[in-house]
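> This is protein_20.pdb (PDB, C-alpha atoms, pLDDT in the B column).
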```pdb
MODEL        1
ATOM      1  CA  MET A  27      17.483  -6.708   3.660  1.00 96.00           C
ATOM      2  CA  ARG A  28      13.743  -6.798   3.100  1.00 98.00           C
ATOM      3  CA  ILE A  29      12.003  -3.581   2.062  1.00 98.00           C
ATOM      4  CA  ALA A  30       8.208  -3.467   1.764  1.00 98.00           C
ATOM      5  CA  THR A  31       5.590  -1.143   0.349  1.00 98.00           C
ATOM      6  CA  TRP A  32       1.971  -1.245   1.495  1.00 98.00           C
ATOM      7  CA  ASN A  33      -1.020   1.032   1.011  1.00 98.00           C
ATOM      8  CA  ILE A  34      -2.567   0.410   4.396  1.00 98.00           C
ATOM      9  CA  ASN A  35      -5.833   2.305   3.692  1.00 98.00           C
ATOM     10  CA  GLY A  36      -6.084   3.903   7.124  1.00 98.00           C
ATOM     11  CA  VAL A  37      -3.426   2.996   9.662  1.00 98.00           C
ATOM     12  CA  ARG A  38      -5.619   3.396  12.728  1.00 97.00           C
ATOM     13  CA  ALA A  39      -8.224   1.042  11.274  1.00 96.00           C
ATOM     14  CA  ARG A  40      -5.540  -1.538  10.411  1.00 97.00           C
ATOM     15  CA  ILE A  41      -3.209  -1.304  13.405  1.00 97.00           C
ATOM     16  CA  GLU A  42      -3.876  -4.852  14.596  1.00 97.00           C
ATOM     17  CA  THR A  43      -3.495  -6.223  11.055  1.00 97.00           C
ATOM     18  CA  ALA A  44      -0.313  -4.210  10.535  1.00 98.00           C
ATOM     19  CA  SER A  45       1.199  -5.351  13.821  1.00 97.00           C
ATOM     20  CA  ALA A  46       0.427  -8.991  13.054  1.00 97.00           C
ATOM     21  CA  TRP A  47       1.955  -8.676   9.594  1.00 98.00           C
ATOM     22  CA  LEU A  48       5.105  -7.004  10.902  1.00 98.00           C
ATOM     23  CA  GLU A  49       5.579  -9.767  13.451  1.00 97.00           C
ATOM     24  CA  LYS A  50       5.078 -12.402  10.734  1.00 97.00           C
ATOM     25  CA  SER A  51       7.058 -10.878   7.864  1.00 97.00           C
ATOM     26  CA  ARG A  52       9.573  -8.755   9.800  1.00 98.00           C
ATOM     27  CA  PRO A  53      10.726  -6.453   6.971  1.00 98.00           C
ATOM     28  CA  ASP A  54      13.660  -4.163   7.717  1.00 98.00           C
ATOM     29  CA  ILE A  55      11.928  -1.150   6.149  1.00 98.00           C
ATOM     30  CA  VAL A  56       8.252  -0.533   5.390  1.00 98.00           C
ATOM     31  CA  CYS A  57       6.872   2.239   3.174  1.00 99.00           C
ATOM     32  CA  LEU A  58       3.236   2.942   4.035  1.00 98.00           C
ATOM     33  CA  GLN A  59       0.734   4.929   1.996  1.00 98.00           C
ATOM     34  CA  GLU A  60      -2.721   6.317   2.710  1.00 98.00           C
ATOM     35  CA  ILE A  61      -2.203   6.446   6.459  1.00 98.00           C
ATOM     36  CA  LYS A  62      -5.148   8.904   6.605  1.00 98.00           C
ATOM     37  CA  CYS A  63      -4.143  10.814   9.720  1.00 97.00           C
ATOM     38  CA  VAL A  64      -2.019  13.744  10.836  1.00 98.00           C
ATOM     39  CA  ASP A  65       1.368  13.032  12.378  1.00 97.00           C
ATOM     40  CA  GLU A  66       0.109  13.623  15.911  1.00 97.00           C
ATOM     41  CA  ALA A  67      -2.617  10.992  15.507  1.00 97.00           C
ATOM     42  CA  PHE A  68      -0.351   8.307  14.042  1.00 98.00           C
ATOM     43  CA  PRO A  69      -0.211   5.233  16.350  1.00 97.00           C
ATOM     44  CA  SER A  70       3.583   5.095  16.585  1.00 97.00           C
ATOM     45  CA  GLU A  71       3.796   3.193  19.854  1.00 97.00           C
ATOM     46  CA  PRO A  72       2.830  -0.284  18.546  1.00 97.00           C
ATOM     47  CA  PHE A  73       5.423   0.031  15.763  1.00 98.00           C
ATOM     48  CA  GLU A  74       8.110   1.360  18.076  1.00 98.00           C
ATOM     49  CA  ARG A  75       7.417  -1.527  20.447  1.00 97.00           C
ATOM     50  CA  LEU A  76       8.294  -3.854  17.560  1.00 98.00           C
ATOM     51  CA  GLY A  77      11.588  -2.019  17.091  1.00 98.00           C
ATOM     52  CA  TYR A  78      10.692   0.343  14.249  1.00 98.00           C
ATOM     53  CA  ASN A  79      11.752   3.957  13.880  1.00 98.00           C
ATOM     54  CA  VAL A  80       8.995   6.096  12.349  1.00 98.00           C
ATOM     55  CA  ALA A  81       9.091   8.998   9.874  1.00 98.00           C
ATOM     56  CA  LEU A  82       5.798  10.619   8.866  1.00 98.00           C
ATOM     57  CA  SER A  83       4.166  13.000   6.452  1.00 98.00           C
ATOM     58  CA  GLY A  84       0.527  12.817   7.458  1.00 98.00           C
ATOM     59  CA  GLN A  85      -2.662  14.533   6.360  1.00 97.00           C
ATOM     60  CA  LYS A  86      -6.059  14.712   7.993  1.00 93.00           C
ATOM     61  CA  GLY A  87      -8.598  12.246   6.662  1.00 90.00           C
ATOM     62  CA  PHE A  88      -6.823  11.070   3.520  1.00 91.00           C
ATOM     63  CA  ASN A  89      -3.420  10.662   1.831  1.00 97.00           C
ATOM     64  CA  GLY A  90      -0.388  10.536   4.131  1.00 98.00           C
ATOM     65  CA  VAL A  91       2.798   8.475   3.847  1.00 98.00           C
ATOM     66  CA  ALA A  92       5.232   6.969   6.326  1.00 98.00           C
ATOM     67  CA  ILE A  93       8.448   4.989   6.579  1.00 98.00           C
ATOM     68  CA  LEU A  94       9.059   2.427   9.315  1.00 98.00           C
ATOM     69  CA  SER A  95      12.615   1.166   9.745  1.00 98.00           C
ATOM     70  CA  LEU A  96      14.514  -1.151  12.067  1.00 98.00           C
ATOM     71  CA  LEU A  97      17.544   1.000  11.192  1.00 97.00           C
ATOM     72  CA  PRO A  98      17.927   4.686  12.115  1.00 98.00           C
ATOM     73  CA  LEU A  99      16.400   7.034   9.530  1.00 98.00           C
ATOM     74  CA  GLU A 100      18.531   9.900   8.260  1.00 98.00           C
ATOM     75  CA  GLU A 101      18.093  12.748   5.747  1.00 97.00           C
ATOM     76  CA  VAL A 102      14.300  12.609   5.929  1.00 98.00           C
ATOM     77  CA  ARG A 103      12.613  14.622   3.145  1.00 98.00           C
ATOM     78  CA  ARG A 104       8.897  15.320   3.137  1.00 98.00           C
ATOM     79  CA  GLY A 105       7.084  16.401   0.001  1.00 98.00           C
ATOM     80  CA  LEU A 106       7.874  16.056  -3.689  1.00 98.00           C
ATOM     81  CA  PRO A 107       9.757  19.090  -5.025  1.00 97.00           C
ATOM     82  CA  GLY A 108       8.458  21.105  -7.934  1.00 96.00           C
ATOM     83  CA  ASP A 109       5.255  22.713  -6.618  1.00 97.00           C
ATOM     84  CA  ASP A 110       5.408  24.717  -3.398  1.00 93.00           C
ATOM     85  CA  GLY A 111       1.623  25.095  -3.481  1.00 95.00           C
ATOM     86  CA  ASP A 112       0.913  21.370  -3.364  1.00 96.00           C
ATOM     87  CA  MET A 113      -0.341  20.616   0.150  1.00 95.00           C
ATOM     88  CA  GLN A 114      -1.153  16.927  -0.364  1.00 98.00           C
ATOM     89  CA  SER A 115       1.035  14.543   1.644  1.00 98.00           C
ATOM     90  CA  ARG A 116       2.152  12.007  -0.929  1.00 98.00           C
ATOM     91  CA  TYR A 117       5.941  11.698  -0.686  1.00 98.00           C
ATOM     92  CA  ILE A 118       8.542  10.969   1.985  1.00 98.00           C
ATOM     93  CA  GLU A 119      12.087   9.650   1.665  1.00 98.00           C
ATOM     94  CA  ALA A 120      14.910   8.748   4.018  1.00 98.00           C
ATOM     95  CA  VAL A 121      18.368   7.202   4.038  1.00 98.00           C
ATOM     96  CA  VAL A 122      19.554   4.247   6.100  1.00 98.00           C
ATOM     97  CA  SER A 123      23.123   3.101   6.613  1.00 95.00           C
ATOM     98  CA  VAL A 124      23.924  -0.405   5.336  1.00 92.00           C
ATOM     99  CA  PRO A 125      27.181  -2.404   5.421  1.00 87.00           C
ATOM    100  CA  ASP A 126      28.376  -1.198   2.006  1.00 83.00           C
ATOM    101  CA  GLY A 127      27.230   2.409   2.334  1.00 90.00           C
ATOM    102  CA  SER A 128      23.657   3.683   2.276  1.00 95.00           C
ATOM    103  CA  LEU A 129      20.212   2.938   0.908  1.00 97.00           C
ATOM    104  CA  ARG A 130      17.756   5.696   0.007  1.00 98.00           C
ATOM    105  CA  VAL A 131      14.076   4.734   0.218  1.00 98.00           C
ATOM    106  CA  ALA A 132      10.968   6.711  -0.721  1.00 98.00           C
ATOM    107  CA  SER A 133       7.306   6.076   0.053  1.00 99.00           C
ATOM    108  CA  ILE A 134       5.062   7.368  -2.739  1.00 98.00           C
ATOM    109  CA  TYR A 135       1.296   7.741  -2.969  1.00 98.00           C
ATOM    110  CA  LEU A 136       0.684   8.861  -6.533  1.00 98.00           C
ATOM    111  CA  PRO A 137      -2.654  10.562  -7.302  1.00 98.00           C
ATOM    112  CA  ASN A 138      -5.515   8.379  -8.534  1.00 98.00           C
ATOM    113  CA  GLY A 139      -6.618  10.847 -11.219  1.00 98.00           C
ATOM    114  CA  ASN A 140     -10.232   9.798 -11.661  1.00 98.00           C
ATOM    115  CA  PRO A 141     -12.390  10.948 -13.304  1.00 98.00           C
ATOM    116  CA  PRO A 142     -10.100  11.486 -16.304  1.00 98.00           C
ATOM    117  CA  ASP A 143     -12.053  14.512 -17.558  1.00 97.00           C
ATOM    118  CA  SER A 144     -11.402  16.458 -14.355  1.00 98.00           C
ATOM    119  CA  ASP A 145      -8.697  18.514 -12.675  1.00 98.00           C
ATOM    120  CA  LYS A 146      -7.783  15.380 -10.735  1.00 98.00           C
ATOM    121  CA  TYR A 147      -6.313  13.858 -13.885  1.00 98.00           C
ATOM    122  CA  VAL A 148      -4.446  17.053 -14.710  1.00 98.00           C
ATOM    123  CA  TYR A 149      -2.988  16.935 -11.187  1.00 98.00           C
ATOM    124  CA  LYS A 150      -2.011  13.272 -11.613  1.00 98.00           C
ATOM    125  CA  LEU A 151      -0.065  13.919 -14.807  1.00 98.00           C
ATOM    126  CA  ALA A 152       1.587  17.035 -13.387  1.00 98.00           C
ATOM    127  CA  TRP A 153       2.576  15.104 -10.260  1.00 98.00           C
ATOM    128  CA  MET A 154       4.083  12.331 -12.386  1.00 98.00           C
ATOM    129  CA  GLU A 155       6.107  14.872 -14.363  1.00 98.00           C
ATOM    130  CA  ARG A 156       7.438  16.283 -11.091  1.00 98.00           C
ATOM    131  CA  LEU A 157       8.315  12.754 -10.008  1.00 98.00           C
ATOM    132  CA  ARG A 158      10.076  12.102 -13.322  1.00 98.00           C
ATOM    133  CA  ARG A 159      12.247  15.184 -12.930  1.00 98.00           C
ATOM    134  CA  TYR A 160      13.059  14.384  -9.324  1.00 98.00           C
ATOM    135  CA  ALA A 161      13.754  10.713 -10.100  1.00 98.00           C
ATOM    136  CA  ALA A 162      16.248  11.809 -12.758  1.00 98.00           C
ATOM    137  CA  GLY A 163      18.079  13.811 -10.112  1.00 98.00           C
ATOM    138  CA  LEU A 164      18.143  10.850  -7.759  1.00 98.00           C
ATOM    139  CA  LEU A 165      19.774   8.708 -10.436  1.00 98.00           C
ATOM    140  CA  ALA A 166      22.489  11.309 -10.798  1.00 97.00           C
ATOM    141  CA  LEU A 167      23.478  10.640  -7.170  1.00 97.00           C
ATOM    142  CA  GLU A 168      24.482   7.091  -8.214  1.00 97.00           C
ATOM    143  CA  GLU A 169      23.137   5.667  -4.956  1.00 97.00           C
ATOM    144  CA  ALA A 170      21.201   2.508  -4.179  1.00 98.00           C
ATOM    145  CA  THR A 171      17.644   3.875  -4.164  1.00 98.00           C
ATOM    146  CA  LEU A 172      14.169   2.352  -4.046  1.00 98.00           C
ATOM    147  CA  LEU A 173      11.040   4.296  -5.007  1.00 99.00           C
ATOM    148  CA  CYS A 174       8.273   2.328  -3.306  1.00 99.00           C
ATOM    149  CA  GLY A 175       4.589   2.915  -3.293  1.00 98.00           C
ATOM    150  CA  ASP A 176       1.084   2.952  -4.638  1.00 98.00           C
ATOM    151  CA  TYR A 177       1.610   4.460  -8.083  1.00 98.00           C
ATOM    152  CA  ASN A 178      -2.039   4.132  -9.126  1.00 98.00           C
ATOM    153  CA  ILE A 179      -0.745   2.929 -12.488  1.00 98.00           C
ATOM    154  CA  ILE A 180      -1.491  -0.387 -14.210  1.00 98.00           C
ATOM    155  CA  PRO A 181       1.646  -0.608 -16.385  1.00 98.00           C
ATOM    156  CA  GLU A 182       0.576  -3.301 -18.858  1.00 98.00           C
ATOM    157  CA  PRO A 183      -2.505  -5.342 -19.843  1.00 98.00           C
ATOM    158  CA  ARG A 184      -1.114  -8.371 -17.992  1.00 97.00           C
ATOM    159  CA  ASP A 185      -1.241  -6.303 -14.787  1.00 98.00           C
ATOM    160  CA  CYS A 186      -5.048  -6.385 -14.610  1.00 98.00           C
ATOM    161  CA  HIS A 187      -7.661  -9.117 -14.735  1.00 97.00           C
ATOM    162  CA  ASP A 188      -9.539  -7.596 -17.697  1.00 97.00           C
ATOM    163  CA  PRO A 189      -8.007  -4.715 -19.693  1.00 97.00           C
ATOM    164  CA  ALA A 190     -11.401  -3.869 -21.243  1.00 97.00           C
ATOM    165  CA  VAL A 191     -12.814  -3.080 -17.807  1.00 96.00           C
ATOM    166  CA  TRP A 192     -10.014  -0.596 -17.107  1.00 97.00           C
ATOM    167  CA  ALA A 193      -9.716   0.937 -20.594  1.00 97.00           C
ATOM    168  CA  GLY A 194     -11.228   4.303 -19.621  1.00 97.00           C
ATOM    169  CA  ASP A 195      -9.793   4.500 -16.125  1.00 98.00           C
ATOM    170  CA  ALA A 196      -7.077   7.014 -15.186  1.00 98.00           C
ATOM    171  CA  LEU A 197      -4.961   4.150 -13.872  1.00 98.00           C
ATOM    172  CA  PHE A 198      -4.765   2.562 -17.327  1.00 98.00           C
ATOM    173  CA  LEU A 199      -5.123   5.366 -19.854  1.00 98.00           C
ATOM    174  CA  PRO A 200      -2.326   5.530 -22.448  1.00 98.00           C
ATOM    175  CA  ARG A 201      -1.108   8.897 -21.135  1.00 98.00           C
ATOM    176  CA  SER A 202      -0.879   7.519 -17.601  1.00 98.00           C
ATOM    177  CA  ARG A 203       1.054   4.448 -18.669  1.00 98.00           C
ATOM    178  CA  ALA A 204       3.331   6.542 -20.896  1.00 98.00           C
ATOM    179  CA  ALA A 205       4.100   8.837 -17.955  1.00 98.00           C
ATOM    180  CA  PHE A 206       5.042   5.806 -15.856  1.00 98.00           C
ATOM    181  CA  ARG A 207       7.259   4.469 -18.639  1.00 98.00           C
ATOM    182  CA  SER A 208       8.963   7.836 -18.913  1.00 98.00           C
ATOM    183  CA  ILE A 209      10.084   7.424 -15.305  1.00 98.00           C
ATOM    184  CA  VAL A 210      11.175   3.804 -15.692  1.00 98.00           C
ATOM    185  CA  ASN A 211      13.003   4.608 -18.929  1.00 98.00           C
ATOM    186  CA  LEU A 212      15.284   7.023 -17.114  1.00 98.00           C
ATOM    187  CA  GLY A 213      17.050   3.929 -15.820  1.00 98.00           C
ATOM    188  CA  TRP A 214      14.809   2.585 -13.056  1.00 98.00           C
ATOM    189  CA  THR A 215      13.953  -1.116 -12.831  1.00 98.00           C
ATOM    190  CA  ASP A 216      10.519  -2.488 -11.946  1.00 98.00           C
ATOM    191  CA  ALA A 217      11.745  -4.825  -9.198  1.00 98.00           C
ATOM    192  CA  LEU A 218       8.972  -7.395  -9.586  1.00 98.00           C
ATOM    193  CA  ARG A 219       9.357  -7.657 -13.349  1.00 98.00           C
ATOM    194  CA  SER A 220      13.107  -8.108 -12.979  1.00 97.00           C
ATOM    195  CA  VAL A 221      12.490 -11.471 -11.297  1.00 97.00           C
ATOM    196  CA  ASP A 222       8.906 -12.493 -12.175  1.00 97.00           C
ATOM    197  CA  ASP A 223       7.435 -12.205 -15.662  1.00 95.00           C
ATOM    198  CA  ARG A 224       4.127 -13.947 -14.960  1.00 95.00           C
ATOM    199  CA  PRO A 225       0.737 -12.309 -15.606  1.00 94.00           C
ATOM    200  CA  GLY A 226      -1.848 -12.159 -12.865  1.00 94.00           C
ATOM    201  CA  ARG A 227       0.499 -10.769 -10.192  1.00 97.00           C
ATOM    202  CA  TYR A 228      -1.891  -8.381  -8.480  1.00 98.00           C
ATOM    203  CA  THR A 229      -1.533  -6.071  -5.463  1.00 98.00           C
ATOM    204  CA  PHE A 230      -5.062  -4.623  -5.180  1.00 98.00           C
ATOM    205  CA  TRP A 231      -8.567  -6.103  -5.106  1.00 98.00           C
ATOM    206  CA  ASP A 232     -11.628  -3.930  -4.610  1.00 96.00           C
ATOM    207  CA  TYR A 233     -13.830  -4.604  -1.594  1.00 96.00           C
ATOM    208  CA  GLN A 234     -16.904  -4.810  -3.847  1.00 92.00           C
ATOM    209  CA  ALA A 235     -18.383  -7.562  -6.032  1.00 85.00           C
ATOM    210  CA  GLY A 236     -16.282 -10.372  -4.606  1.00 92.00           C
ATOM    211  CA  ALA A 237     -13.229  -9.083  -6.447  1.00 96.00           C
ATOM    212  CA  ARG A 238     -10.791 -10.978  -4.238  1.00 96.00           C
ATOM    213  CA  GLN A 239     -12.696 -14.252  -4.492  1.00 95.00           C
ATOM    214  CA  ARG A 240     -12.842 -13.916  -8.296  1.00 95.00           C
ATOM    215  CA  ASN A 241      -9.234 -12.686  -8.455  1.00 96.00           C
ATOM    216  CA  TRP A 242     -10.324  -9.515 -10.232  1.00 97.00           C
ATOM    217  CA  GLY A 243      -7.167  -7.703  -9.261  1.00 98.00           C
ATOM    218  CA  ILE A 244      -4.717  -5.137 -10.579  1.00 98.00           C
ATOM    219  CA  ARG A 245      -1.032  -4.418  -9.994  1.00 98.00           C
ATOM    220  CA  ILE A 246      -0.585  -0.786  -8.993  1.00 98.00           C
ATOM    221  CA  ASP A 247       1.909  -1.035  -6.102  1.00 98.00           C
ATOM    222  CA  HIS A 248       5.450  -0.918  -7.452  1.00 98.00           C
ATOM    223  CA  ILE A 249       9.060  -0.783  -6.311  1.00 99.00           C
ATOM    224  CA  LEU A 250      11.418   0.969  -8.731  1.00 99.00           C
ATOM    225  CA  ALA A 251      15.115   0.328  -8.182  1.00 98.00           C
ATOM    226  CA  SER A 252      18.068   2.465  -9.250  1.00 98.00           C
ATOM    227  CA  PRO A 253      20.829   0.556 -11.097  1.00 98.00           C
ATOM    228  CA  GLN A 254      22.845   0.305  -7.877  1.00 97.00           C
ATOM    229  CA  ALA A 255      19.855  -1.299  -6.115  1.00 98.00           C
ATOM    230  CA  ALA A 256      18.595  -3.351  -9.075  1.00 98.00           C
ATOM    231  CA  ASP A 257      21.897  -5.229  -9.210  1.00 96.00           C
ATOM    232  CA  ARG A 258      21.213  -6.456  -5.678  1.00 96.00           C
ATOM    233  CA  VAL A 259      17.584  -7.597  -6.032  1.00 98.00           C
ATOM    234  CA  ALA A 260      17.397 -11.197  -4.839  1.00 97.00           C
ATOM    235  CA  GLY A 261      13.624 -11.619  -5.017  1.00 98.00           C
ATOM    236  CA  VAL A 262      10.233  -9.939  -4.788  1.00 98.00           C
ATOM    237  CA  GLU A 263       7.173 -11.301  -3.013  1.00 98.00           C
ATOM    238  CA  ILE A 264       3.572 -10.124  -3.160  1.00 98.00           C
ATOM    239  CA  GLU A 265       2.157 -11.164   0.216  1.00 98.00           C
ATOM    240  CA  ASP A 266      -1.387 -11.540  -1.082  1.00 97.00           C
ATOM    241  CA  ASP A 267      -2.533 -13.754   1.800  1.00 97.00           C
ATOM    242  CA  VAL A 268      -2.790 -10.572   3.882  1.00 98.00           C
ATOM    243  CA  ARG A 269      -5.789  -9.569   1.744  1.00 98.00           C
ATOM    244  CA  ASP A 270      -7.714 -12.467   3.325  1.00 96.00           C
ATOM    245  CA  TRP A 271      -7.005 -11.461   6.928  1.00 97.00           C
ATOM    246  CA  GLU A 272      -9.580  -9.808   9.161  1.00 94.00           C
ATOM    247  CA  LYS A 273     -10.116  -6.092   8.408  1.00 94.00           C
ATOM    248  CA  PRO A 274      -7.707  -6.050   5.459  1.00 97.00           C
ATOM    249  CA  SER A 275      -6.584  -3.161   3.317  1.00 98.00           C
ATOM    250  CA  ASP A 276      -7.649  -3.452  -0.306  1.00 98.00           C
ATOM    251  CA  HIS A 277      -3.904  -3.478  -1.127  1.00 98.00           C
ATOM    252  CA  VAL A 278      -1.322  -6.054  -0.026  1.00 98.00           C
ATOM    253  CA  PRO A 279       2.353  -5.682   0.892  1.00 98.00           C
ATOM    254  CA  VAL A 280       5.011  -6.055  -1.795  1.00 98.00           C
ATOM    255  CA  VAL A 281       8.426  -7.006  -0.432  1.00 98.00           C
ATOM    256  CA  VAL A 282      11.777  -6.801  -2.220  1.00 98.00           C
ATOM    257  CA  GLU A 283      14.826  -8.609  -0.887  1.00 98.00           C
ATOM    258  CA  ILE A 284      18.125  -6.806  -1.421  1.00 96.00           C
ATOM    259  CA  ARG A 285      21.458  -8.569  -1.057  1.00 93.00           C
ATOM    260  CA  ALA A 286      23.633  -6.873   1.555  1.00 73.00           C
TER     261      ALA A 286
ENDMDL
END
```
Would you kindly transcribe this structure into structure tokens?

Amino acid sequence: MRIATWNINGVRARIETASAWLEKSRPDIVCLQEIKCVDEAFPSEPFERLGYNVALSGQKGFNGVAILSLLPLEEVRRGLPGDDGDMQSRYIEAVVSVPDGSLRVASIYLPNGNPPDSDKYVYKLAWMERLRRYAAGLLALEEATLLCGDYNIIPEPRDCHDPAVWAGDALFLPRSRAAFRSIVNLGWTDALRSVDDRPGRYTFWDYQAGARQRNWGIRIDHILASPQAADRVAGVEIEDDVRDWEKPSDHVPVVVEIRA
């Protein structure tokens, strides 16, 4: 099976790009972030025409997450537990049946947190603590699970083109990286790093200043695998050629292959 994560940066603006990529790459499951529309405005028909079932947690104008799946989606959960007052659409999960049981998949759009001296950073850290607690509970289920998404975290210096440039950014601050490690250290595996230890493996390039042409990128889109899923990781691909297509997102798809 091939499971992908992609911050699409506005699904209605990228529908032609998304359709072309789905036809080319043909992942079994796709976790989308930043769809930037309410559920009713989501362009489901082109995806359904390609054979995908759709589960949504949209929001007007910004945020919003979705899961597309060639397999039926079951046990759909919308919203990250832990704060009933949080109205931002940043989390959705579902279960699909596979030959040896089930696979649980989540699409995550973690808060950016900038500027760091604002309530946005407080919200980011609080959201990550909620995710840590919930991720611990998921591990207790002892299921094959993938937490896929735009984490807005640069885990290590090798995950950005120039650490000095990002030193004061919420994506790279020590507290942010420590919060990410606290989730991984529960027993989750960074799928890419389990098969590829090279520096310079980026998933995001800004639209400005020729960042893509200069390869001034960062790795902030991650797939975390539970032990039951990590044992089955056969490979991970960053499909960075999509960044050079017409009307691209500033992120590119990351695809993990899981042995059936």
> Give me the residues near stretch 33-42 of chain A as a list of chain:residue names, where near means some atom within 9 Å (using only C-alpha atoms) and where sequence neighbours in that chain fewer than 3 positions away do not count.
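Within the cut-off, the hits are A:Ser45, A:Ala46, A:Trp47, A:Cys57, A:Leu58, A:Gln59, A:Glu60, A:Ile61, A:Lys62, A:Cys63, A:Ala67, A:Phe68, A:Pro69, A:Pro72, A:Gly87, A:Phe88, A:Asn89, A:Val91, A:Tyr135, A:Gly175, A:Asp176, A:Asp247, A:Lys273, A:Pro274, A:Ser275, A:Asp276, A:His277, A:Val278, A:Pro279.
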> So, counting all atoms listed in the file, which residue among A:Arg203, A:Arg219, A:His248, A:Arg75 is closest to A:Ile29?
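Answer, going by the shortest atom-to-atom distance: A:His248.
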> Calculate how many Å separate atom CA of A:Arg104 from atom CA of A:Gly90, rounding to one decimal.
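Between these atoms lies a distance of 10.5 Å.
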> Go through A:Glu119, A:Asp112, A:Asp257, A:Glu263 and flag the residue nearest A:Leu164, using only C-alpha atoms for the distances.
A:Glu119
> Which residues would end up in the selection if the PyMOL selection byres ((chain A and resi 244) around 8) were applied here, given that I need the answer as number ranges by chain?
A: 180, 185-187, 226-231, 242-243, 245-246
> Using only C-alpha atoms, please write the residues we just selected to a file, as an mmCIF file, in the frame of the given file.

```cif
data_model
loop_
_atom_site.group_PDB
_atom_site.id
_atom_site.type_symbol
_atom_site.label_atom_id
_atom_site.label_comp_id
_atom_site.auth_asym_id
_atom_site.auth_seq_id
_atom_site.Cartn_x
_atom_site.Cartn_y
_atom_site.Cartn_z
ATOM 1 C CA ILE A 180 -1.491 -0.387 -14.210
ATOM 2 C CA ASP A 185 -1.241 -6.303 -14.787
ATOM 3 C CA CYS A 186 -5.048 -6.385 -14.610
ATOM 4 C CA HIS A 187 -7.661 -9.117 -14.735
ATOM 5 C CA GLY A 226 -1.848 -12.159 -12.865
ATOM 6 C CA ARG A 227 0.499 -10.769 -10.192
ATOM 7 C CA TYR A 228 -1.891 -8.381 -8.480
ATOM 8 C CA THR A 229 -1.533 -6.071 -5.463
ATOM 9 C CA PHE A 230 -5.062 -4.623 -5.180
ATOM 10 C CA TRP A 231 -8.567 -6.103 -5.106
ATOM 11 C CA TRP A 242 -10.324 -9.515 -10.232
ATOM 12 C CA GLY A 243 -7.167 -7.703 -9.261
ATOM 13 C CA ARG A 245 -1.032 -4.418 -9.994
ATOM 14 C CA ILE A 246 -0.585 -0.786 -8.993
#
```
> Determine the residue set returned by the PyMOL selection byres ((chain A and resi 214) around 7) for the present structure, and present it as JSON, numbers by chain.
{"A": [210, 211, 212, 213, 215, 216, 250, 251, 252, 253]}
> What does the structure give for the distance between atom CA of A:Arg207 and atom CA of A:Pro181, in Å to one decimal?
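We find that atom CA of A:Arg207 and atom CA of A:Pro181 lie 7.9 Å from each other.
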